[in-house]
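K.L.:
Dropping in final.pdb, with PDB, C-alpha atoms.
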ATOM      1  CA  MET T   1      27.719 -15.541 -12.994
ATOM      2  CA  THR T   2      29.339 -12.960 -15.307
ATOM      3  CA  VAL T   3      28.444  -9.289 -15.221
ATOM      4  CA  GLN T   4      27.007  -9.627 -18.733
ATOM      5  CA  LEU T   5      24.545 -12.216 -17.421
ATOM      6  CA  LEU T   6      23.939 -10.637 -14.032
ATOM      7  CA  VAL T   7      22.691  -7.339 -15.447
ATOM      8  CA  PRO T   8      19.867  -8.787 -17.589
ATOM      9  CA  VAL T   9      18.869 -11.176 -14.796
ATOM     10  CA  LEU T  10      18.487  -8.256 -12.371
ATOM     11  CA  LEU T  11      16.568  -6.165 -14.872
ATOM     12  CA  LEU T  12      14.328  -9.105 -15.722
ATOM     13  CA  GLY T  13      13.685  -9.684 -12.020
ATOM     14  CA  LEU T  14      12.261  -6.174 -11.800
ATOM     15  CA  LEU T  15      10.603  -6.019 -15.200
ATOM     16  CA  LEU T  16       8.587  -9.229 -14.857
ATOM     17  CA  PRO T  17       6.778  -8.235 -11.628
ATOM     18  CA  ALA T  18       6.243  -4.724 -12.967
ATOM     19  CA  VAL T  19       4.535  -5.952 -16.141
ATOM     20  CA  VAL T  20       3.108  -9.369 -15.257
ATOM     21  CA  GLY T  21       2.335  -8.506 -11.619
ATOM     22  CA  PRO T  22      -1.238  -7.262 -12.261
ATOM     23  CA  ARG T  23      -2.190 -10.518 -13.976
ATOM     24  CA  VAL T  24      -0.622 -12.598 -11.196
ATOM     25  CA  LEU T  25      -2.477 -10.593  -8.547
ATOM     26  CA  ARG T  26      -5.778 -11.169 -10.341
ATOM     27  CA  SER T  27      -5.050 -14.893 -10.523
ATOM     28  CA  ALA T  28      -4.164 -14.982  -6.817
ATOM     29  CA  ALA T  29      -7.351 -13.157  -5.765
ATOM     30  CA  PRO T  30      -9.352 -16.304  -4.776
ATOM     31  CA  VAL T  31      -6.726 -17.243  -2.188
ATOM     32  CA  LEU T  32      -5.805 -13.714  -1.124
ATOM     33  CA  SER T  33      -9.482 -12.876  -0.532
ATOM     34  CA  ARG T  34      -9.558 -15.599   2.119
ATOM     35  CA  PHE T  35      -6.567 -14.043   3.854
ATOM     36  CA  PRO T  36      -7.060 -10.308   3.265
ATOM     37  CA  ARG T  37      -4.644  -9.129   5.945
ATOM     38  CA  VAL T  38      -1.892 -11.253   4.401
ATOM     39  CA  ALA T  39      -2.830  -9.797   1.010
ATOM     40  CA  ILE T  40      -2.606  -6.244   2.392
ATOM     41  CA  TRP T  41       0.918  -6.761   3.683
ATOM     42  CA  LEU T  42       1.920  -8.593   0.494
ATOM     43  CA  LEU T  43       0.777  -5.652  -1.631
ATOM     44  CA  THR T  44       2.357  -3.055   0.644
ATOM     45  CA  GLY T  45       5.612  -4.989   0.852
ATOM     46  CA  GLY T  46       5.634  -5.459  -2.915
ATOM     47  CA  VAL T  47       5.622  -1.704  -3.483
ATOM     48  CA  VAL T  48       8.286  -0.990  -0.858
ATOM     49  CA  PHE T  49      10.710  -3.737  -1.861
ATOM     50  CA  TRP T  50      10.285  -3.246  -5.617
ATOM     51  CA  VAL T  51      11.366   0.375  -5.188
ATOM     52  CA  LEU T  52      14.261  -0.579  -2.914
ATOM     53  CA  ALA T  53      15.353  -3.345  -5.292
ATOM     54  CA  ALA T  54      15.255  -0.960  -8.253
ATOM     55  CA  LEU T  55      17.402   1.504  -6.318
ATOM     56  CA  SER T  56      19.862  -1.290  -5.478
ATOM     57  CA  ILE T  57      20.907  -2.050  -9.059
ATOM     58  CA  GLY T  58      23.322   0.879  -9.343
ATOM     59  CA  PRO T  59      25.037   0.220  -5.988
ATOM     60  CA  LEU T  60      25.256  -3.490  -6.851
ATOM     61  CA  LEU T  61      26.916  -2.773 -10.183
ATOM     62  CA  ALA T  62      29.320  -0.439  -8.395
ATOM     63  CA  TRP T  63      30.775  -3.554  -6.739
ATOM     64  CA  LEU T  64      31.228  -5.257 -10.099
ATOM     65  CA  VAL T  65      32.638  -2.651 -12.477
ATOM     66  CA  THR T  66      35.261   0.032 -12.659
ATOM     67  CA  GLY T  67      35.292   3.122 -14.834
ATOM     68  CA  PRO T  68      37.032   6.412 -15.466
ATOM     69  CA  GLN T  69      37.738   8.590 -12.435
ATOM     70  CA  VAL T  70      35.776  11.834 -12.487
ATOM     71  CA  LEU T  71      36.320  12.897  -8.884
ATOM     72  CA  PRO T  72      39.394  14.509  -7.316
ATOM     73  CA  THR T  73      42.004  12.042  -6.084
ATOM     74  CA  GLY T  74      41.070  12.383  -2.416
ATOM     75  CA  ALA T  75      37.373  11.825  -3.043
ATOM     76  CA  THR T  76      38.163   8.861  -5.306
ATOM     77  CA  GLU T  77      40.188   7.226  -2.530
ATOM     78  CA  VAL T  78      37.345   7.674  -0.046
ATOM     79  CA  CYS T  79      34.815   6.183  -2.493
ATOM     80  CA  SER T  80      37.121   3.250  -3.267
ATOM     81  CA  ARG T  81      37.595   2.556   0.437
ATOM     82  CA  CYS T  82      33.846   2.639   1.084
ATOM     83  CA  LEU T  83      33.127   0.369  -1.885
ATOM     84  CA  ALA T  84      35.732  -2.124  -0.716
ATOM     85  CA  ALA T  85      34.403  -2.030   2.857
ATOM     86  CA  SER T  86      30.808  -2.599   1.780
ATOM     87  CA  ASP T  87      31.438  -5.262  -0.895
ATOM     88  CA  PRO T  88      30.375  -8.660   0.549
ATOM     89  CA  PHE T  89      31.330 -10.582  -2.602
ATOM     90  CA  GLY T  90      34.871  -9.570  -3.460
ATOM     91  CA  LEU T  91      34.294 -10.379  -7.133
ATOM     92  CA  ASP T  92      36.703  -9.426  -9.895
ATOM     93  CA  ARG T  93      35.655  -6.089 -11.324
ATOM     94  CA  VAL T  94      35.242  -5.401 -15.026
ATOM     95  CA  ASP T  95      36.487  -2.220 -16.686
ATOM     96  CA  THR T  96      33.759  -0.122 -18.331
ATOM     97  CA  ALA T  97      33.295   3.389 -19.663
ATOM     98  CA  ILE T  98      30.804   4.216 -16.909
ATOM     99  CA  PRO T  99      32.101   6.234 -13.931
ATOM    100  CA  VAL T 100      31.341   4.262 -10.798
ATOM    101  CA  VAL T 101      30.245   7.419  -9.023
ATOM    102  CA  LEU T 102      27.262   7.634 -11.397
ATOM    103  CA  LEU T 103      26.107   4.192 -10.291
ATOM    104  CA  LEU T 104      25.841   5.582  -6.766
ATOM    105  CA  THR T 105      24.697   9.159  -7.319
ATOM    106  CA  VAL T 106      21.953   8.444  -9.881
ATOM    107  CA  PRO T 107      20.013   6.047  -7.571
ATOM    108  CA  LEU T 108      20.598   8.454  -4.685
ATOM    109  CA  ALA T 109      19.245  11.366  -6.711
ATOM    110  CA  ALA T 110      16.248   9.257  -7.779
ATOM    111  CA  ALA T 111      15.599   8.299  -4.151
ATOM    112  CA  VAL T 112      15.759  11.936  -3.042
ATOM    113  CA  ALA T 113      13.417  13.020  -5.846
ATOM    114  CA  GLN T 114      10.930  10.259  -5.007
ATOM    115  CA  ALA T 115      11.157  11.113  -1.303
ATOM    116  CA  ALA T 116      10.309  14.728  -2.146
ATOM    117  CA  ARG T 117       7.279  13.569  -4.179
ATOM    118  CA  VAL T 118       6.178  11.320  -1.318
ATOM    119  CA  VAL T 119       6.473  14.148   1.211
ATOM    120  CA  GLY T 120       4.431  16.399  -1.065
ATOM    121  CA  ALA T 121       1.787  13.716  -1.547
ATOM    122  CA  MET T 122       1.609  13.107   2.194
ATOM    123  CA  ALA T 123       1.147  16.807   2.868
ATOM    124  CA  HIS T 124      -1.607  17.026   0.245
ATOM    125  CA  ARG T 125      -3.376  13.967   1.642
ATOM    126  CA  ARG T 126      -3.138  15.367   5.154
ATOM    127  CA  ARG T 127      -4.677  18.658   4.036
ATOM    128  CA  GLU T 128      -7.513  16.827   2.274
ATOM    129  CA  THR T 129      -8.163  14.693   5.339
ATOM    130  CA  ARG T 130      -8.207  17.753   7.607
ATOM    131  CA  ARG T 131     -10.611  19.491   5.226
ATOM    132  CA  THR T 132     -12.949  16.497   5.183
ATOM    133  CA  ALA T 133     -12.710  16.052   8.948
ATOM    134  CA  ALA T 134     -13.487  19.735   9.574
ATOM    135  CA  ARG T 135     -16.605  19.494   7.446
ATOM    136  CA  TRP T 136     -17.989  16.498   9.312
ATOM    137  CA  ARG T 137     -17.003  17.697  12.783
ATOM    138  CA  GLY T 138     -19.011  20.829  12.137
ATOM    139  CA  ALA T 139     -22.044  18.842  10.996
ATOM    140  CA  GLY T 140     -22.066  16.040  13.560
ATOM    141  CA  ARG T 141     -22.227  15.269  17.242
ATOM    142  CA  SER T 142     -20.451  12.593  19.261
ATOM    143  CA  VAL T 143     -22.688   9.732  20.386
ATOM    144  CA  ASP T 144     -22.390   6.101  21.436
ATOM    145  CA  LEU T 145     -24.167   3.554  19.252
ATOM    146  CA  HIS T 146     -24.128  -0.114  20.216
ATOM    147  CA  GLY T 147     -20.927   0.405  22.159
ATOM    148  CA  TYR T 148     -19.118   2.325  19.402
ATOM    149  CA  HIS T 149     -18.151   5.981  19.674
ATOM    150  CA  VAL T 150     -19.214   7.699  16.434
ATOM    151  CA  GLN T 151     -19.929  11.076  14.883
ATOM    152  CA  LEU T 152     -23.651  11.188  14.052
ATOM    153  CA  VAL T 153     -24.526  13.676  11.323
ATOM    154  CA  ASP T 154     -27.966  14.827  10.239
ATOM    155  CA  ASP T 155     -28.195  13.740   6.617
ATOM    156  CA  ARG T 156     -31.093  12.444   4.519
ATOM    157  CA  HIS T 157     -28.795   9.979   2.731
ATOM    158  CA  PRO T 158     -27.861   6.736   4.545
ATOM    159  CA  PHE T 159     -24.107   6.276   4.688
ATOM    160  CA  ALA T 160     -21.294   5.270   7.009
ATOM    161  CA  MET T 161     -17.602   5.935   6.648
ATOM    162  CA  ALA T 162     -14.386   6.118   8.615
ATOM    163  CA  LEU T 163     -11.761   8.819   8.822
ATOM    164  CA  PRO T 164      -8.483   8.307  10.696
ATOM    165  CA  SER T 165      -9.087   8.226  14.449
ATOM    166  CA  ARG T 166      -7.407  11.588  15.030
ATOM    167  CA  SER T 167      -9.605  13.141  12.313
ATOM    168  CA  GLY T 168     -13.000  12.019  13.536
ATOM    169  CA  GLY T 169     -13.155   8.221  13.335
ATOM    170  CA  VAL T 170     -16.448   6.577  12.422
ATOM    171  CA  ILE T 171     -19.109   8.835  10.885
ATOM    172  CA  VAL T 172     -22.721   7.706  10.441
ATOM    173  CA  SER T 173     -25.710   9.578   9.064
ATOM    174  CA  THR T 174     -29.055   9.748  10.821
ATOM    175  CA  ALA T 175     -30.651   8.254   7.712
ATOM    176  CA  ALA T 176     -28.430   5.171   8.052
ATOM    177  CA  VAL T 177     -29.578   4.720  11.644
ATOM    178  CA  GLU T 178     -33.184   4.913  10.447
ATOM    179  CA  VAL T 179     -33.010   2.545   7.455
ATOM    180  CA  LEU T 180     -30.712  -0.118   8.930
ATOM    181  CA  ALA T 181     -32.029  -2.736  11.312
ATOM    182  CA  GLU T 182     -30.304  -2.971  14.678
ATOM    183  CA  ARG T 183     -28.067  -5.904  13.739
ATOM    184  CA  GLU T 184     -27.290  -4.334  10.368
ATOM    185  CA  LEU T 185     -26.210  -1.119  12.033
ATOM    186  CA  GLU T 186     -24.028  -3.092  14.451
ATOM    187  CA  ALA T 187     -22.394  -4.818  11.476
ATOM    188  CA  VAL T 188     -21.668  -1.512   9.747
ATOM    189  CA  LEU T 189     -20.208  -0.030  12.929
ATOM    190  CA  ALA T 190     -18.047  -3.124  13.454
ATOM    191  CA  HIS T 191     -16.844  -2.843   9.850
ATOM    192  CA  GLU T 192     -15.869   0.807  10.170
ATOM    193  CA  SER T 193     -14.270   0.277  13.571
ATOM    194  CA  ALA T 194     -12.155  -2.515  12.093
ATOM    195  CA  HIS T 195     -10.702   0.007   9.634
ATOM    196  CA  LEU T 196      -9.509   2.068  12.585
ATOM    197  CA  ARG T 197      -8.353  -0.833  14.730
ATOM    198  CA  GLN T 198      -6.336  -2.465  11.947
ATOM    199  CA  GLY T 199      -4.686   0.754  10.778
ATOM    200  CA  HIS T 200      -6.157   0.683   7.276
ATOM    201  CA  HIS T 201      -5.927   4.424   6.754
ATOM    202  CA  ALA T 202      -2.181   4.386   7.410
ATOM    203  CA  LEU T 203      -1.656   1.471   5.019
ATOM    204  CA  ALA T 204      -3.732   3.091   2.274
ATOM    205  CA  ALA T 205      -1.861   6.368   2.750
ATOM    206  CA  ALA T 206       1.520   4.613   2.660
ATOM    207  CA  VAL T 207       0.829   2.845  -0.643
ATOM    208  CA  SER T 208      -0.839   5.879  -2.210
ATOM    209  CA  THR T 209       2.047   8.188  -1.372
ATOM    210  CA  LEU T 210       4.824   5.698  -2.161
ATOM    211  CA  THR T 211       3.435   5.186  -5.659
ATOM    212  CA  THR T 212       3.277   8.919  -6.361
ATOM    213  CA  GLY T 213       4.901   9.504  -9.737
ATOM    214  CA  LEU T 214       5.277   5.743 -10.324
ATOM    215  CA  ARG T 215       1.749   4.749 -11.322
ATOM    216  CA  TRP T 216       2.912   4.340 -14.916
ATOM    217  CA  VAL T 217       4.363   1.037 -13.638
ATOM    218  CA  PRO T 218       1.503  -1.458 -14.166
ATOM    219  CA  LEU T 219       2.263  -3.262 -10.911
ATOM    220  CA  PHE T 220       1.833  -0.110  -8.831
ATOM    221  CA  ALA T 221      -1.449   0.841 -10.467
ATOM    222  CA  ALA T 222      -2.756  -2.689  -9.858
ATOM    223  CA  VAL T 223      -1.586  -2.726  -6.227
ATOM    224  CA  GLU T 224      -3.256   0.572  -5.428
ATOM    225  CA  ALA T 225      -6.511  -0.595  -7.024
ATOM    226  CA  ALA T 226      -6.444  -3.978  -5.254
ATOM    227  CA  LEU T 227      -5.466  -2.643  -1.845
ATOM    228  CA  GLY T 228      -8.782  -0.891  -1.247
ATOM    229  CA  HIS T 229     -10.627  -4.121  -2.074
ATOM    230  CA  TYR T 230      -8.645  -6.155   0.459
ATOM    231  CA  LEU T 231      -8.981  -3.452   3.119
ATOM    232  CA  GLU T 232     -12.748  -3.706   2.782
ATOM    233  CA  ILE T 233     -12.670  -7.523   2.889
ATOM    234  CA  ALA T 234     -10.519  -7.417   6.037
ATOM    235  CA  ALA T 235     -13.024  -5.077   7.681
ATOM    236  CA  ASP T 236     -15.874  -7.317   6.475
ATOM    237  CA  ASP T 237     -14.236 -10.343   8.093
ATOM    238  CA  ALA T 238     -13.972  -8.519  11.417
ATOM    239  CA  ALA T 239     -17.608  -7.413  11.204
ATOM    240  CA  ARG T 240     -19.020 -10.814  10.370
ATOM    241  CA  ARG T 241     -17.052 -12.399  13.207
ATOM    242  CA  ALA T 242     -18.620  -9.850  15.554
ATOM    243  CA  VAL T 243     -22.184  -9.772  14.227
ATOM    244  CA  GLY T 244     -22.588 -12.474  11.586
ATOM    245  CA  THR T 245     -22.640 -12.701   7.809
ATOM    246  CA  PRO T 246     -26.415 -12.201   7.204
ATOM    247  CA  ALA T 247     -26.535  -8.870   9.025
ATOM    248  CA  LEU T 248     -23.454  -7.531   7.251
ATOM    249  CA  ALA T 249     -24.577  -8.685   3.805
ATOM    250  CA  SER T 250     -28.013  -7.188   4.344
ATOM    251  CA  ALA T 251     -26.514  -3.889   5.518
ATOM    252  CA  LEU T 252     -24.216  -3.651   2.490
ATOM    253  CA  LEU T 253     -27.134  -4.354   0.173
ATOM    254  CA  THR T 254     -29.233  -1.657   1.850
ATOM    255  CA  LEU T 255     -26.497   0.960   1.681
ATOM    256  CA  GLY T 256     -25.645  -0.117  -1.858
ATOM    257  CA  GLN T 257     -29.197   0.651  -2.972
ATOM    258  CA  TYR T 258     -28.685   4.289  -2.063
ATOM    259  CA  GLY T 259     -25.052   4.524  -3.159
ATOM    260  CA  ARG T 260     -22.663   7.246  -2.152
ATOM    261  CA  PRO T 261     -24.264  10.692  -2.013
ATOM    262  CA  ARG T 262     -23.312  12.803  -5.000
ATOM    263  CA  GLU T 263     -22.652  15.844  -2.863
ATOM    264  CA  HIS T 264     -20.062  13.834  -0.897
ATOM    265  CA  GLN T 265     -17.971  12.793  -3.906
ATOM    266  CA  GLU T 266     -15.432  15.482  -3.111
ATOM    267  CA  ASP T 267     -14.769  14.011   0.334
ATOM    268  CA  SER T 268     -12.006  11.615  -0.670
ATOM    269  CA  GLY T 269      -9.266  12.583   1.755
ATOM    270  CA  GLY T 270      -8.560   9.639   4.071
ATOM    271  CA  VAL T 271     -12.115   8.264   3.807
ATOM    272  CA  LEU T 272     -13.026   4.568   3.795
ATOM    273  CA  HIS T 273     -16.676   3.897   2.941
ATOM    274  CA  ALA T 274     -18.947   1.040   3.991
ATOM    275  CA  LEU T 275     -20.274   0.482   0.483
ATOM    276  CA  GLY T 276     -19.850  -2.370  -1.924
ATOM    277  CA  PRO T 277     -22.525  -4.756  -3.169
ATOM    278  CA  ASP T 278     -19.679  -6.336  -5.169
ATOM    279  CA  ARG T 279     -18.441  -7.848  -1.903
ATOM    280  CA  ILE T 280     -21.685  -9.686  -1.238
ATOM    281  CA  ARG T 281     -20.571 -12.726  -3.225
ATOM    282  CA  HIS T 282     -17.428 -13.041  -1.165
ATOM    283  CA  LEU T 283     -19.487 -12.846   2.022
ATOM    284  CA  VAL T 284     -22.102 -15.450   1.136
ATOM    285  CA  GLN T 285     -19.969 -17.703  -1.063
ATOM    286  CA  PRO T 286     -16.272 -17.242  -0.288
ATOM    287  CA  ALA T 287     -13.724 -18.911  -2.529
ATOM    288  CA  SER T 288     -12.535 -22.364  -1.539
ATOM    289  CA  GLY T 289     -10.038 -24.938  -2.714
ATOM    290  CA  THR T 290      -6.612 -24.211  -4.144
ATOM    291  CA  ARG T 291      -7.596 -21.915  -7.001
ATOM    292  CA  GLY T 292      -5.148 -19.025  -7.061
ATOM    293  CA  LEU T 293      -2.657 -20.733  -4.735
ATOM    294  CA  THR T 294       0.102 -20.995  -7.346
ATOM    295  CA  ALA T 295      -0.143 -17.305  -8.190
ATOM    296  CA  ALA T 296      -0.197 -16.365  -4.497
ATOM    297  CA  VAL T 297       2.910 -18.442  -3.784
ATOM    298  CA  ALA T 298       4.628 -16.935  -6.830
ATOM    299  CA  SER T 299       3.803 -13.445  -5.534
ATOM    300  CA  ALA T 300       5.214 -14.275  -2.110
ATOM    301  CA  CYS T 301       8.384 -15.744  -3.644
ATOM    302  CA  CYS T 302       8.842 -12.660  -5.820
ATOM    303  CA  LEU T 303       8.404 -10.385  -2.805
ATOM    304  CA  THR T 304      10.939 -12.448  -0.861
ATOM    305  CA  ALA T 305      13.464 -12.262  -3.700
ATOM    306  CA  LEU T 306      13.075  -8.488  -3.981
ATOM    307  CA  ALA T 307      13.433  -8.111  -0.224
ATOM    308  CA  VAL T 308      16.579 -10.251  -0.145
ATOM    309  CA  LEU T 309      18.122  -8.282  -3.007
ATOM    310  CA  ALA T 310      17.326  -4.956  -1.358
ATOM    311  CA  VAL T 311      18.691  -6.018   2.021
ATOM    312  CA  MET T 312      21.749  -7.672   0.485
ATOM    313  CA  VAL T 313      22.744  -4.433  -1.240
ATOM    314  CA  HIS T 314      21.598  -1.597   0.995
ATOM    315  CA  VAL T 315      22.566  -2.997   4.398
ATOM    316  CA  PRO T 316      26.314  -3.401   3.614
ATOM    317  CA  TYR T 317      26.431   0.190   2.359
ATOM    318  CA  LEU T 318      24.699   1.466   5.494
ATOM    319  CA  VAL T 319      27.028  -0.561   7.720
ATOM    320  CA  ALA T 320      30.088   0.725   5.821
ATOM    321  CA  VAL T 321      28.948   4.337   6.189
ATOM    322  CA  ALA T 322      28.092   3.856   9.871
ATOM    323  CA  THR T 323      31.520   2.375  10.617
ATOM    324  CA  GLY T 324      33.414   4.994   8.633
ATOM    325  CA  CYS T 325      34.247   2.631   5.760
ATOM    326  CA  PHE T 326      36.850   0.742   7.807
TER     327      PHE T 326
END
Re-express the file's structure as structure tokens.
P.N.:
Amino acid sequence: MTVQLLVPVLLLGLLLPAVVGPRVLRSAAPVLSRFPRVAIWLLTGGVVFWVLAALSIGPLLAWLVTGPQVLPTGATEVCSRCLAASDPFGLDRVDTAIPVVLLLTVPLAAAVAQAARVVGAMAHRRRETRRTAARWRGAGRSVDLHGYHVQLVDDRHPFAMALPSRSGGVIVSTAAVEVLAERELEAVLAHESAHLRQGHHALAAAVSTLTTGLRWVPLFAAVEAALGHYLEIAADDAARRAVGTPALASALLTLGQYGRPREHQEDSGGVLHALGPDRIRHLVQPASGTRGLTAAVASACCLTALAVLAVMVHVPYLVAVATGCF
């Protein structure tokens, strides 16, 4: 494959998922909804490996082209030695007007800038979570309900939600305890506990922070929107295995009638809510058959290709640096 053909193929391999990805994810929803934990890791992996694959294009081209030297002679020799040590292909290089050092420094600068945005987003999310947790710790008391350790808060509005374990865990209002039947309350508690047990807060935080500054990419916006849906379905599956579908569906309908309290809209930091009448259909009539299978397989194949590309490029560079480019 010539460089002239390789470049558009690589760009197309990133552009297609970025643009067509949202439509493919919607088409794959019937199958992914039946396997929500697989869907969660597929979405998370898609974000991680798309970014890594995008950052690999410059280093990959550095193996394939040469350009004018812009560094001092000594630095140029070091760079040439590292490129030769990391190159697993040994292809003939093509002369261009692009300094090879730019193919390495531009992706590195982009990675550093994105890492700084991610760190800032993580710090902001942590502050919001601490603020939310402080509010509810001050308003609630620790109790055991149906074998679950929860924060019970005096509130006239029935709701249940989960913060990260270190920030308070499951929070339930006294009104929810009053309006929900015993089995319904057990289902809600099982749902919220599943969020904690399966690490949903960490996954949501990872995707939210990784996509900081990149939500203009349609794929990332779609992944972030879909992830919350699959997190709730995964928690639903755990709850209905523990308590049964009727109790969970009835509880979601009851809580859905009241909705999320308006005065709690500001509490978004790290919160997962047990709301969602839109999930009732999945509970009582889950998708069946092979509808969406082709799109799901295509998504998995795309993720695999991105992962292979990222590993194929980044690992040789890391090995070369670790061994001193010898």
K.L.:
Smallest atom-to-atom distance to Glu232 (chain T): which of T:Ile171, T:Ala162, T:Cys301, T:Leu55, using all atoms listed in the file?
P.N.:
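Nearest to Glu232 (chain T): T:Ala162.
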K.L.:
Take the PyMOL selection byres ((chain T and resi 228) around 12), run it mentally on this structure, and tell me the resulting residues as a PyMOL selection string.
P.N.:
chain T and resi 36-37+39-40+43-44+195+200-201+203-205+207-208+221-227+229-235+270-276+279
K.L.:
Suppose a student applies the PyMOL selection byres ((chain T and resi 26) around 12) to this structure; what residues should they get, written as a list of chain:residue names?
P.N.:
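Selected by the PyMOL selection byres ((chain T and resi 26) around 12) in this file: T:Val20, T:Gly21, T:Pro22, T:Arg23, T:Val24, T:Leu25, T:Ser27, T:Ala28, T:Ala29, T:Pro30, T:Val31, T:Leu32, T:Ser33, T:Ala39, T:Leu219, T:Ala222, T:Val223, T:Ala225, T:Ala226, T:His229, T:Arg291, T:Gly292, T:Leu293, T:Thr294, T:Ala295, T:Ala296, T:Ser299.
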K.L.:
Env of region 96-107 of chain T: 12 Å cut, atoms = only C-alpha atoms, seq-sep filter 6 positions within chain, self excluded. Answer as a count of residues only.
P.N.:
38
K.L.:
Starting from the PyMOL selection byres ((chain T and resi 212) around 10), expand the selection into actual residues of this file and give them as a ChimeraX atom specification.
P.N.:
/T:114-115,117-122,207-211,213-216,220
K.L.:
Using C-alpha atoms, can you export the residues from the last selection as a tab-separated table (two decimals), in the frame of the given file?
P.N.:
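Just written: result39.tsv:
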chain	number	residue	atom	x	y	z
T	114	GLN	CA	10.93	10.26	-5.01
T	115	ALA	CA	11.16	11.11	-1.30
T	117	ARG	CA	7.28	13.57	-4.18
T	118	VAL	CA	6.18	11.32	-1.32
T	119	VAL	CA	6.47	14.15	1.21
T	120	GLY	CA	4.43	16.40	-1.06
T	121	ALA	CA	1.79	13.72	-1.55
T	122	MET	CA	1.61	13.11	2.19
T	207	VAL	CA	0.83	2.84	-0.64
T	208	SER	CA	-0.84	5.88	-2.21
T	209	THR	CA	2.05	8.19	-1.37
T	210	LEU	CA	4.82	5.70	-2.16
T	211	THR	CA	3.44	5.19	-5.66
T	213	GLY	CA	4.90	9.50	-9.74
T	214	LEU	CA	5.28	5.74	-10.32
T	215	ARG	CA	1.75	4.75	-11.32
T	216	TRP	CA	2.91	4.34	-14.92
T	220	PHE	CA	1.83	-0.11	-8.83
K.L.:
Tell me, as a ChimeraX atom specification, which residues lie within 12 Å of Gly168 (chain T), counting all atoms listed in the file; anything in the same chain fewer than 6 positions away does not count.
P.N.:
/T:129-142,149-153,161-162,193,196,270-271
K.L.:
Any idea what the distance is between CA of Ile280 (chain T) and CA of Val47 (chain T)?
P.N.:
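Straight-line distance from CA of Ile280 (chain T) to CA of Val47 (chain T) works out to 28.5 Å.
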K.L.:
Set the distance at 10 Å and use all atoms listed in the file: which residues neighbour region 319-321 of chain T once local chain neighbours fewer than 2 positions away are removed? I'd like the list as JSON, numbers by chain.
P.N.:
{"T": [81, 82, 83, 84, 85, 86, 87, 314, 315, 316, 317, 323, 324, 325, 326]}
K.L.:
One number please: CA of Gly244 (chain T) to CA of Gly147 (chain T), in Å, one decimal.
P.N.:
16.7 Å
K.L.:
Starting from 4 Å padding per side, set up an axis-aligned box that covers all listed atoms of region 171-175 of chain T and hand over centre and edge lengths in Å, one decimal, as lines of an AutoDock Vina configuration file.
P.N.:
center_x = -24.9
center_y = 8.7
center_z = 9.3
size_x = 19.5
size_y = 10.0
size_z = 11.2
